[in-house]
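K.L.:
Okay, so here is coords-v9.tsv, and as you'll see once you scroll down, it has TSV, C-alpha atoms.
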chain	number	residue	atom	x	y	z
T	1	MET	CA	163.59	79.62	132.55
T	2	GLU	CA	165.91	79.06	135.48
T	3	ASN	CA	164.57	77.50	138.64
T	4	ASP	CA	165.38	80.63	140.62
T	5	GLU	CA	163.35	82.64	138.23
T	6	ILE	CA	160.44	80.28	138.62
T	7	VAL	CA	160.75	80.48	142.37
T	8	SER	CA	160.76	84.25	142.32
T	9	LYS	CA	157.79	84.31	139.96
T	10	LEU	CA	155.96	81.91	142.19
T	11	GLY	CA	156.79	84.10	145.12
T	12	SER	CA	155.05	87.03	143.55
T	13	LEU	CA	152.21	84.77	142.52
T	14	LEU	CA	151.63	83.67	146.06
T	15	GLU	CA	151.65	87.27	147.20
T	16	ASN	CA	148.97	88.03	144.65
T	17	LEU	CA	146.94	85.12	145.88
T	18	ASP	CA	147.04	86.39	149.46
T	19	ILE	CA	148.43	83.16	150.70
T	20	LYS	CA	149.80	83.41	154.18
T	21	SER	CA	153.47	84.13	154.42
T	22	SER	CA	154.05	80.75	156.02
T	23	VAL	CA	153.81	79.21	152.58
T	24	ASP	CA	157.10	77.69	151.64
T	25	VAL	CA	157.60	78.94	148.13
T	26	LYS	CA	160.33	76.53	147.24
T	27	SER	CA	158.38	73.45	148.19
T	28	SER	CA	155.31	74.56	146.34
T	29	VAL	CA	157.18	75.06	143.13
T	30	ASP	CA	157.53	71.34	142.78
T	31	ILE	CA	160.42	71.55	140.40
T	32	LYS	CA	160.56	68.28	138.66
T	33	SER	CA	162.99	65.87	140.18
T	34	SER	CA	161.71	62.50	139.20
T	35	VAL	CA	162.22	61.38	135.67
T	36	ASP	CA	159.65	58.90	134.55
T	37	GLU	CA	159.20	59.57	130.91
T	38	ALA	CA	161.44	58.86	128.02
T	39	THR	CA	161.90	62.44	126.97
T	40	ASP	CA	162.14	63.88	130.44
T	41	SER	CA	165.80	63.07	130.81
T	42	GLU	CA	166.63	65.69	128.22
T	43	THR	CA	164.52	68.29	129.88
T	44	ALA	CA	164.90	67.41	133.53
T	45	ASN	CA	165.91	70.89	134.56
T	46	SER	CA	163.53	72.79	132.42
T	47	LEU	CA	160.09	74.19	132.69
T	48	GLU	CA	157.08	72.54	134.23
T	49	CYS	CA	153.49	73.32	133.35
T	50	PRO	CA	151.87	74.59	136.58
T	51	ILE	CA	148.66	72.75	135.75
T	52	CYS	CA	149.69	69.19	134.90
T	53	LEU	CA	153.05	69.47	136.70
T	54	GLN	CA	154.81	67.95	133.73
T	55	TYR	CA	157.05	69.20	130.97
T	56	PRO	CA	154.76	71.37	128.84
T	57	ASN	CA	153.36	69.66	125.78
T	58	TYR	CA	152.58	72.10	122.93
T	59	PRO	CA	153.72	74.95	125.19
T	60	ILE	CA	152.13	78.33	124.81
T	61	GLU	CA	153.17	81.60	126.41
T	62	LEU	CA	150.37	83.98	127.31
T	63	ASP	CA	150.73	87.31	125.55
T	64	ASN	CA	150.12	89.59	128.50
T	65	CYS	CA	151.88	87.92	131.39
T	66	LYS	CA	154.32	85.53	129.65
T	67	HIS	CA	153.34	82.56	131.78
T	68	VAL	CA	153.81	79.23	130.04
T	69	PHE	CA	151.42	76.26	130.00
T	70	CYS	CA	150.61	73.24	127.89
T	71	PHE	CA	148.14	74.34	125.26
T	72	LEU	CA	145.66	71.67	126.38
T	73	CYS	CA	145.99	72.65	130.04
T	74	ILE	CA	145.42	76.35	129.47
T	75	LYS	CA	142.57	75.50	127.12
T	76	GLY	CA	140.97	73.60	129.99
T	77	VAL	CA	141.31	76.64	132.22
T	78	CYS	CA	140.01	78.93	129.53
T	79	LEU	CA	136.87	76.85	129.04
T	80	ARG	CA	135.99	77.72	132.63
T	81	ILE	CA	137.52	81.10	133.41
T	82	SER	CA	139.56	83.32	131.15
T	83	ARG	CA	142.24	84.24	133.64
T	84	CYS	CA	145.86	83.17	133.98
T	85	PRO	CA	146.15	80.53	136.73
T	86	ILE	CA	149.37	82.13	137.96
T	87	CYS	CA	148.65	85.86	138.03
T	88	ARG	CA	144.96	86.10	137.15
T	89	ALA	CA	145.69	88.37	134.21
T	90	GLU	CA	142.94	88.23	131.66
T	91	ILE	CA	143.60	85.83	128.80
T	92	PRO	CA	141.91	85.70	125.42
T	93	ARG	CA	139.05	83.20	125.33
T	94	ASP	CA	139.99	82.52	121.71
T	95	ILE	CA	142.58	80.09	123.02
T	96	ALA	CA	139.81	77.72	123.96
T	97	PHE	CA	137.12	78.55	121.47
T	98	ALA	CA	138.84	79.51	118.24
T	99	GLY	CA	142.02	77.49	118.64
T	100	ILE	CA	145.51	78.71	117.88
T	101	THR	CA	147.99	78.09	115.11
T	102	GLU	CA	151.28	76.23	115.27
T	103	ASN	CA	153.06	79.57	115.05
T	104	GLN	CA	151.66	80.62	118.41
T	105	LEU	CA	153.41	77.82	120.24
T	106	LEU	CA	156.46	78.77	122.23
T	107	ASN	CA	159.69	78.56	120.26
T	108	GLY	CA	162.62	76.65	121.63
T	109	THR	CA	160.52	74.20	123.59
T	110	GLY	CA	159.44	71.23	121.62
T	111	THR	CA	156.43	69.03	121.47
T	112	LYS	CA	156.69	65.98	123.61
T	113	GLU	CA	157.68	63.19	121.28
T	114	VAL	CA	156.25	59.86	122.25
T	115	SER	CA	158.29	56.96	120.98
T	116	LYS	CA	156.42	55.33	118.14
T	117	GLN	CA	156.68	51.74	116.99
T	118	SER	CA	156.78	51.14	113.28
T	119	THR	CA	153.39	49.46	113.61
T	120	ASP	CA	151.82	52.43	115.37
T	121	ALA	CA	149.16	54.46	113.67
T	122	TYR	CA	147.79	57.97	113.99
T	123	TRP	CA	144.57	58.85	115.77
T	124	TYR	CA	142.13	61.56	114.79
T	125	TYR	CA	138.85	62.96	116.04
T	126	GLU	CA	136.21	64.73	114.03
T	127	GLY	CA	135.92	68.34	115.04
T	128	TYR	CA	135.04	71.65	113.60
T	129	ARG	CA	135.05	71.29	109.81
T	130	GLY	CA	137.34	68.32	109.65
T	131	TRP	CA	139.67	65.88	111.29
T	132	TRP	CA	142.04	66.77	114.08
T	133	GLU	CA	144.96	64.67	115.24
T	134	TYR	CA	145.05	63.82	118.94
T	135	ASP	CA	147.94	65.29	120.90
T	136	SER	CA	150.99	63.05	120.94
T	137	VAL	CA	150.46	61.72	124.46
T	138	THR	CA	146.76	60.92	124.08
T	139	GLY	CA	147.29	59.47	120.59
T	140	SER	CA	149.85	57.00	121.84
T	141	LYS	CA	147.65	56.06	124.79
T	142	ILE	CA	144.79	55.23	122.45
T	143	GLU	CA	147.07	53.27	120.13
T	144	GLN	CA	148.38	51.26	123.06
T	145	ALA	CA	144.86	50.34	124.14
T	146	PHE	CA	143.94	49.52	120.55
T	147	GLN	CA	146.90	47.21	120.11
T	148	SER	CA	146.21	45.37	123.33
T	149	GLY	CA	142.67	44.71	122.15
T	150	GLU	CA	140.82	46.88	124.65
T	151	HIS	CA	137.29	47.98	123.85
T	152	LYS	CA	137.38	51.34	125.54
T	153	LEU	CA	139.59	53.59	127.57
T	154	ASN	CA	139.35	56.84	129.44
T	155	VAL	CA	141.49	59.85	128.73
T	156	TYR	CA	141.72	63.10	130.63
T	157	LEU	CA	141.80	66.15	128.38
T	158	PHE	CA	141.72	69.76	129.51
T	159	GLY	CA	140.05	68.88	132.74
T	160	TYR	CA	137.37	66.61	131.33
T	161	ASN	CA	137.17	62.87	131.21
T	162	TYR	CA	136.52	61.34	127.84
T	163	THR	CA	135.62	57.78	127.04
T	164	ILE	CA	137.18	56.49	123.86
T	165	ASN	CA	135.06	53.65	122.53
T	166	LEU	CA	137.24	51.58	120.20
T	167	ASP	CA	134.34	49.35	119.06
T	168	LYS	CA	132.13	52.21	118.00
T	169	MET	CA	135.13	54.40	117.14
T	170	GLN	CA	133.71	57.31	119.11
T	171	GLN	CA	134.81	59.62	121.86
T	172	CYS	CA	132.34	60.86	124.42
T	173	ARG	CA	132.83	63.56	127.04
T	174	GLU	CA	131.72	62.37	130.44
T	175	ASP	CA	129.77	65.30	131.72
T	176	SER	CA	126.43	66.92	131.14
T	177	THR	CA	127.11	67.51	127.48
T	178	ASN	CA	127.95	63.92	126.61
T	179	ARG	CA	129.08	65.18	123.25
T	180	VAL	CA	130.00	62.37	120.91
T	181	ARG	CA	132.60	62.68	118.15
T	182	LYS	CA	133.77	60.19	115.58
T	183	ILE	CA	137.34	59.02	115.79
T	184	LEU	CA	139.62	57.54	113.16
T	185	ARG	CA	142.78	55.46	113.03
T	186	ASN	CA	145.13	56.00	110.14
T	187	GLU	CA	148.24	54.02	109.28
T	188	VAL	CA	149.82	57.04	107.70
T	189	GLN	CA	149.73	60.56	108.96
T	190	MET	CA	147.07	62.75	107.36
T	191	ASP	CA	148.78	65.74	105.96
T	192	SER	CA	146.71	68.09	103.92
T	193	ASP	CA	143.43	66.62	105.16
T	194	LYS	CA	143.84	67.32	108.83
T	195	LYS	CA	143.00	70.65	110.40
T	196	GLY	CA	145.77	70.39	112.96
T	197	VAL	CA	146.60	68.80	116.28
T	198	ALA	CA	144.33	69.01	119.30
T	199	GLY	CA	142.93	72.43	118.48
T	200	ILE	CA	146.19	73.84	117.14
T	201	PHE	CA	145.71	74.71	113.49
T	202	SER	CA	148.37	73.39	111.20
T	203	THR	CA	149.90	76.40	109.45
T	204	LYS	CA	150.39	74.43	106.25
T	205	ASN	CA	146.64	74.32	105.81
T	206	SER	CA	145.73	77.70	107.17
T	207	ASP	CA	144.66	78.83	103.70
T	208	LYS	CA	142.09	76.07	103.47
J	209	MET	CA	135.97	55.78	139.37
J	210	ALA	CA	135.49	56.88	135.81
J	211	GLY	CA	138.67	57.84	134.07
J	212	GLY	CA	142.22	57.10	135.02
J	213	LEU	CA	143.97	59.03	137.69
J	214	PRO	CA	145.53	62.09	136.07
J	215	LYS	CA	149.32	62.15	136.24
J	216	ARG	CA	149.17	65.35	138.23
J	217	ILE	CA	147.41	63.62	141.12
J	218	LEU	CA	150.05	60.87	141.12
J	219	ARG	CA	152.78	63.50	141.10
J	220	GLU	CA	151.25	65.43	143.96
J	221	THR	CA	150.69	62.29	146.01
J	222	GLU	CA	154.25	61.04	145.53
J	223	LYS	CA	155.58	64.40	146.54
J	224	LEU	CA	153.32	64.69	149.59
J	225	LEU	CA	154.49	61.29	150.81
J	226	SER	CA	158.19	61.76	150.04
J	227	GLU	CA	158.42	65.37	151.24
J	228	PRO	CA	155.56	65.93	153.67
J	229	VAL	CA	154.53	69.42	154.69
J	230	PRO	CA	155.97	69.97	158.19
J	231	GLY	CA	153.21	69.46	160.74
J	232	ILE	CA	150.81	67.92	158.25
J	233	ASP	CA	150.23	64.28	157.49
J	234	ALA	CA	148.28	63.69	154.30
J	235	ARG	CA	147.90	60.28	152.75
J	236	PRO	CA	145.52	58.84	150.18
J	237	ASP	CA	142.90	56.30	151.17
J	238	GLU	CA	143.94	52.83	150.13
J	239	ASN	CA	140.72	52.33	148.19
J	240	ASN	CA	140.33	55.78	146.71
J	241	ALA	CA	143.31	57.73	145.44
J	242	ARG	CA	141.22	60.91	145.32
J	243	TYR	CA	140.35	60.81	149.02
J	244	PHE	CA	143.01	61.88	151.52
J	245	HIS	CA	143.17	61.41	155.25
J	246	VAL	CA	144.80	64.49	156.70
J	247	ILE	CA	146.07	65.30	160.17
J	248	VAL	CA	147.12	68.87	160.84
J	249	ASN	CA	149.12	69.67	163.96
J	250	GLY	CA	147.98	72.84	165.65
J	251	PRO	CA	150.67	75.50	165.08
J	252	LYS	CA	152.86	76.60	167.96
J	253	ASP	CA	151.85	79.67	169.96
J	254	THR	CA	148.21	79.34	168.97
J	255	PRO	CA	145.22	78.02	170.95
J	256	PHE	CA	145.44	74.95	168.71
J	257	GLU	CA	148.97	74.06	169.78
J	258	SER	CA	149.52	70.39	170.61
J	259	GLY	CA	146.20	69.50	168.99
J	260	LYS	CA	145.96	67.00	166.17
J	261	PHE	CA	143.15	67.91	163.83
J	262	LYS	CA	141.71	65.29	161.50
J	263	MET	CA	140.58	66.49	158.13
J	264	GLU	CA	139.32	64.93	154.93
J	265	LEU	CA	140.30	66.09	151.48
J	266	PHE	CA	138.69	65.02	148.26
J	267	LEU	CA	139.82	65.71	144.71
J	268	PRO	CA	136.75	66.03	142.48
J	269	GLU	CA	136.63	64.50	139.02
J	270	ASP	CA	137.66	67.74	137.32
J	271	TYR	CA	140.45	68.62	139.77
J	272	PRO	CA	142.62	70.68	139.30
J	273	MET	CA	140.18	72.72	137.25
J	274	THR	CA	138.01	72.83	140.37
J	275	PRO	CA	139.37	73.05	143.93
J	276	PRO	CA	139.79	70.15	146.33
J	277	LYS	CA	137.02	69.68	148.86
J	278	LEU	CA	138.40	70.01	152.34
J	279	ARG	CA	136.74	69.69	155.75
J	280	PHE	CA	137.73	69.41	159.39
J	281	ILE	CA	136.50	66.21	161.00
J	282	THR	CA	137.80	67.11	164.45
J	283	LYS	CA	135.72	69.72	166.25
J	284	ILE	CA	137.55	73.04	166.34
J	285	TYR	CA	136.68	76.41	167.85
J	286	HIS	CA	137.71	78.81	165.10
J	287	PRO	CA	135.91	81.81	163.59
J	288	ASN	CA	136.46	80.64	160.02
J	289	ILE	CA	135.45	77.02	160.50
J	290	ASP	CA	131.82	76.02	161.11
J	291	GLN	CA	130.23	73.21	163.08
J	292	LEU	CA	130.36	70.89	160.10
J	293	GLY	CA	134.08	71.53	159.70
J	294	ARG	CA	133.63	73.59	156.56
J	295	ILE	CA	136.36	76.14	156.04
J	296	CYS	CA	136.00	79.73	154.91
J	297	LEU	CA	138.93	80.11	152.58
J	298	ASP	CA	138.64	81.99	149.32
J	299	THR	CA	141.29	79.81	147.71
J	300	LEU	CA	138.95	76.84	148.17
J	301	LYS	CA	136.20	78.74	146.42
J	302	ASP	CA	136.25	81.56	143.89
J	303	LYS	CA	139.96	82.30	144.28
J	304	TRP	CA	140.99	78.77	143.38
J	305	THR	CA	143.34	78.45	140.44
J	306	PRO	CA	144.72	75.20	139.07
J	307	ALA	CA	148.23	76.48	139.81
J	308	LEU	CA	147.50	75.81	143.47
J	309	THR	CA	148.06	72.30	144.80
J	310	ILE	CA	147.07	70.06	147.71
J	311	ARG	CA	150.28	71.21	149.36
J	312	THR	CA	149.56	74.93	149.03
J	313	VAL	CA	145.99	74.42	150.19
J	314	LEU	CA	147.10	72.58	153.33
J	315	LEU	CA	149.68	75.27	154.03
J	316	THR	CA	146.93	77.83	153.77
J	317	VAL	CA	144.84	75.90	156.28
J	318	GLN	CA	147.82	75.86	158.64
J	319	GLY	CA	148.06	79.61	158.11
J	320	LEU	CA	144.39	80.01	158.95
J	321	LEU	CA	144.92	78.24	162.28
J	322	SER	CA	147.75	80.67	163.02
J	323	ALA	CA	145.72	83.67	162.01
J	324	PRO	CA	141.99	83.38	162.73
J	325	ASN	CA	140.09	86.09	160.95
J	326	PRO	CA	136.82	86.93	162.76
J	327	ASP	CA	136.14	89.76	160.29
J	328	ASP	CA	135.49	87.23	157.54
J	329	PRO	CA	133.52	84.61	159.43
J	330	LEU	CA	131.71	81.61	158.14
J	331	ALA	CA	128.36	82.72	159.56
J	332	ASN	CA	128.89	81.26	162.98
J	333	ASP	CA	128.65	82.45	166.54
J	334	VAL	CA	132.34	81.75	167.14
J	335	ALA	CA	133.31	84.83	165.17
J	336	ALA	CA	130.96	87.00	167.23
J	337	ALA	CA	132.35	85.56	170.45
J	338	TRP	CA	135.88	86.06	169.14
J	339	LYS	CA	135.22	89.74	168.44
J	340	ALA	CA	133.38	90.34	171.69
J	341	ASN	CA	135.99	88.84	173.98
J	342	GLU	CA	139.10	87.54	172.30
J	343	THR	CA	140.79	86.34	175.50
J	344	LYS	CA	137.78	84.24	176.41
J	345	ALA	CA	137.44	82.90	172.87
J	346	ILE	CA	141.08	81.87	172.82
J	347	ALA	CA	140.63	80.10	176.15
J	348	THR	CA	137.64	78.21	174.73
J	349	ALA	CA	139.61	77.31	171.61
J	350	ARG	CA	142.40	75.99	173.83
J	351	GLN	CA	139.91	73.95	175.85
J	352	TRP	CA	138.35	72.45	172.70
J	353	THR	CA	141.81	71.56	171.46
J	354	ARG	CA	142.47	69.71	174.72
J	355	ILE	CA	139.14	67.90	174.64
J	356	TYR	CA	138.64	67.05	170.99
J	357	ALA	CA	141.93	67.33	169.11
J	358	GLN	CA	143.74	64.37	170.60
J	359	VAL	CA	144.20	61.51	168.16
How does the structure come out when it is put into structure tokens?
P.N.:
Amino acid sequence: MENDEIVSKLGSLLENLDIKSSVDVKSSVDIKSSVDEATDSETANSLECPICLQYPNYPIELDNCKHVFCFLCIKGVCLRISRCPICRAEIPRDIAFAGITENQLLNGTGTKEVSKQSTDAYWYYEGYRGWWEYDSVTGSKIEQAFQSGEHKLNVYLFGYNYTINLDKMQQCREDSTNRVRKILRNEVQMDSDKKGVAGIFSTKNSDK
Amino acid sequence: MAGGLPKRILRETEKLLSEPVPGIDARPDENNARYFHVIVNGPKDTPFESGKFKMELFLPEDYPMTPPKLRFITKIYHPNIDQLGRICLDTLKDKWTPALTIRTVLLTVQGLLSAPNPDDPLANDVAAAWKANETKAIATARQWTRIYAQV
């Protein structure tokens, strides 16, 4: 999407939101200018997720309104209110509660690749009927903490804070639910055993 | 503070400092990156002109899924702002969406100073006074600006 197009879309968004006309549309778009991540240089002029303000990771386009978000970001929204953050169009709650498949991700925009060392491993959490791989960004954060000998770390996923306890190999959501899940480190990538990545079903295993 | 600071908050802060909103100074507290000290200049051609209004803004743990908490510290005579500095703005409540930012919220506050709306008051007597005698209310607002809104 071109910047101008984003600006014009944001313009109509702001109208919908009844924001006073003094709002400077261009400045609120926050088109990415700073490049602070390895992969950003390739995508410096491209899309930004309106929720995390970064290049969308596992991007998904909403069926009705065509707005694009990171899957994890829109899942976070969907857990609270099933409306598009841009235009308030209704969005299917399945995104958060049933998950999606790889095929539903937006074509032409890739998953954020995080540079992996040869010694790096893969991180999984136990979820609905099996193991799920963490998203690439969170996985590499956990691995980093693991390799530097930390006992625990906090990660921020779809609007919730989670504590990853590397001694107990557990993750715990820091809110009223305090739901605990087992986590797992694997030297090689699970293939047929994993359900998918971060709530996105792997299509290879969809028959399982 | 439990949890790291989400990248989004860092991004927003950087941007606010490098490209401030005209007429608004917002900077994070040196001990708490989720707490912002804000000074809003009263917009031109309003009873708040030449006033400097102190505000505080706090980003809750689950921001941006929930809206920032925002309050006037400086006393202000405005139909949509109560004695405790709480602001009646739907975007800070049920109309919040995570696509809004600190920047858009502050712009909306600036807009509210330019366009008081006594038909949607925050249960205070200012709105009643505003509707009963707008000229007098505006004079009072101007007087309060002179007395209280000088940093």
K.L.:
Sorted by chain and rising residue number, list the residues of chain T at most 6 Å from chain J (counting only C-alpha atoms), each with its closest atom pair and distance in Å to one decimal, as CSV.
P.N.:
residue,atom,partner,partner_atom,distance
T:Lys20,CA,J:Gly319,CA,5.7
T:Val23,CA,J:Leu315,CA,5.9
T:Pro50,CA,J:Ala307,CA,5.2
T:Ile51,CA,J:Ala307,CA,5.5
T:Cys52,CA,J:Arg216,CA,5.1
T:Leu53,CA,J:Arg216,CA,5.9
T:Pro85,CA,J:Thr305,CA,5.1
T:Asn154,CA,J:Gly211,CA,4.8
T:Gly159,CA,J:Asp270,CA,5.3
T:Asn161,CA,J:Gly211,CA,6.0
K.L.:
Out of J:Ile295, J:Ile232, J:Lys339, J:Tyr285, which residue has the shortest atom-to-atom distance to Phe256 in chain J when counting all atoms listed in the file?
P.N.:
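Closest residue, counting all atoms listed in the file: J:Tyr285.
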K.L.:
Calculate how many Å separate CA of Gly231 in chain J from CA of Asn249 in chain J, rounding to one decimal.
P.N.:
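Value for the CA of Gly231 in chain J-CA of Asn249 in chain J distance: 5.2 Å.
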K.L.:
At a cut-off of 10 Å, using only C-alpha atoms, what residues contact Lys182 in chain T? Leave out same-chain residues fewer than 2 positions from it and give the result as a list of chain:residue names.
P.N.:
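Everything that qualifies: T:Tyr124, T:Tyr125, T:Glu126, T:Gly127, T:Trp131, T:Ile164, T:Asn165, T:Lys168, T:Met169, T:Gln170, T:Gln171, T:Cys172, T:Val180, T:Leu184.
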K.L.:
Can you tell me which residues surround His286 in chain J at a distance of at most 8 Å, considering only C-alpha atoms, apart from same-chain residues fewer than 2 positions away, and format the answer as a ChimeraX atom specification?
P.N.:
/J:284,288-290,321,324,334-335,349
K.L.:
Nearest residue to Ala198 in chain T out of T:Leu72, T:Ile95, T:Leu105, T:Cys84, using all atoms listed in the file?
P.N.:
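Among the listed residues, the smallest separation from Ala198 in chain T belongs to T:Leu72.
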K.L.:
Work out where the centre of an axis-aligned box around every listed atom of range 325-338 of chain J lies and how long its edges are once 3 Å is added on each side; give both in Å to one decimal as lines of an AutoDock Vina configuration file.
P.N.:
center_x = 134.2
center_y = 85.5
center_z = 164.0
size_x = 17.7
size_y = 14.5
size_z = 18.9
K.L.:
Name the residues within 8 Å of (144.8, 61.8, 128.6), counting only C-alpha atoms in the file's coordinates, and put them as a list of chain:residue names.
P.N.:
T:Val137, T:Thr138, T:Lys141, T:Asn154, T:Val155, T:Tyr156, T:Leu157, J:Pro214
K.L.:
Leaving out Tyr356 in chain J and any residue of its chain fewer than 6 positions from it, which residues lie within 12 Å of it when counting only C-alpha atoms, given as a VMD selection string?
P.N.:
chain J and resid 256 258 to 262 280 to 285 348 to 350
K.L.:
What is the distance between CA of Thr163 in chain T and CA of Arg185 in chain T, in Å to one decimal?
P.N.:
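Straight-line distance from CA of Thr163 in chain T to CA of Arg185 in chain T works out to 15.9 Å.
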K.L.:
Which is closer to Ser136 in chain T than all the others in T:Cys49, T:Val197, T:Cys70, T:Met190, using only C-alpha atoms?
P.N.:
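Nearest to Ser136 in chain T: T:Val197.
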K.L.:
Near Asp120 in chain T, counting all atoms listed in the file, which residues have an atom at most 12 Å away, once you skip same-chain residues fewer than 5 positions from it, shown as a ChimeraX atom specification?
P.N.:
/T:114-115,139-147,185-189
K.L.:
Pick from J:Leu297, J:Glu257, J:Arg279, J:Pro268: nearest to His245 in chain J, with only C-alpha atoms counted?
P.N.:
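Answer, going by the shortest atom-to-atom distance: J:Arg279.
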K.L.:
What's the 10 Å shell around range 58-68 of chain T, counting all atoms listed in the file, without same-chain residues fewer than 2 positions away, as number ranges by chain?
P.N.:
T: 9, 47-50, 55-56, 70-74, 84-92, 95, 100, 102-112, 135-136, 197-198, 200
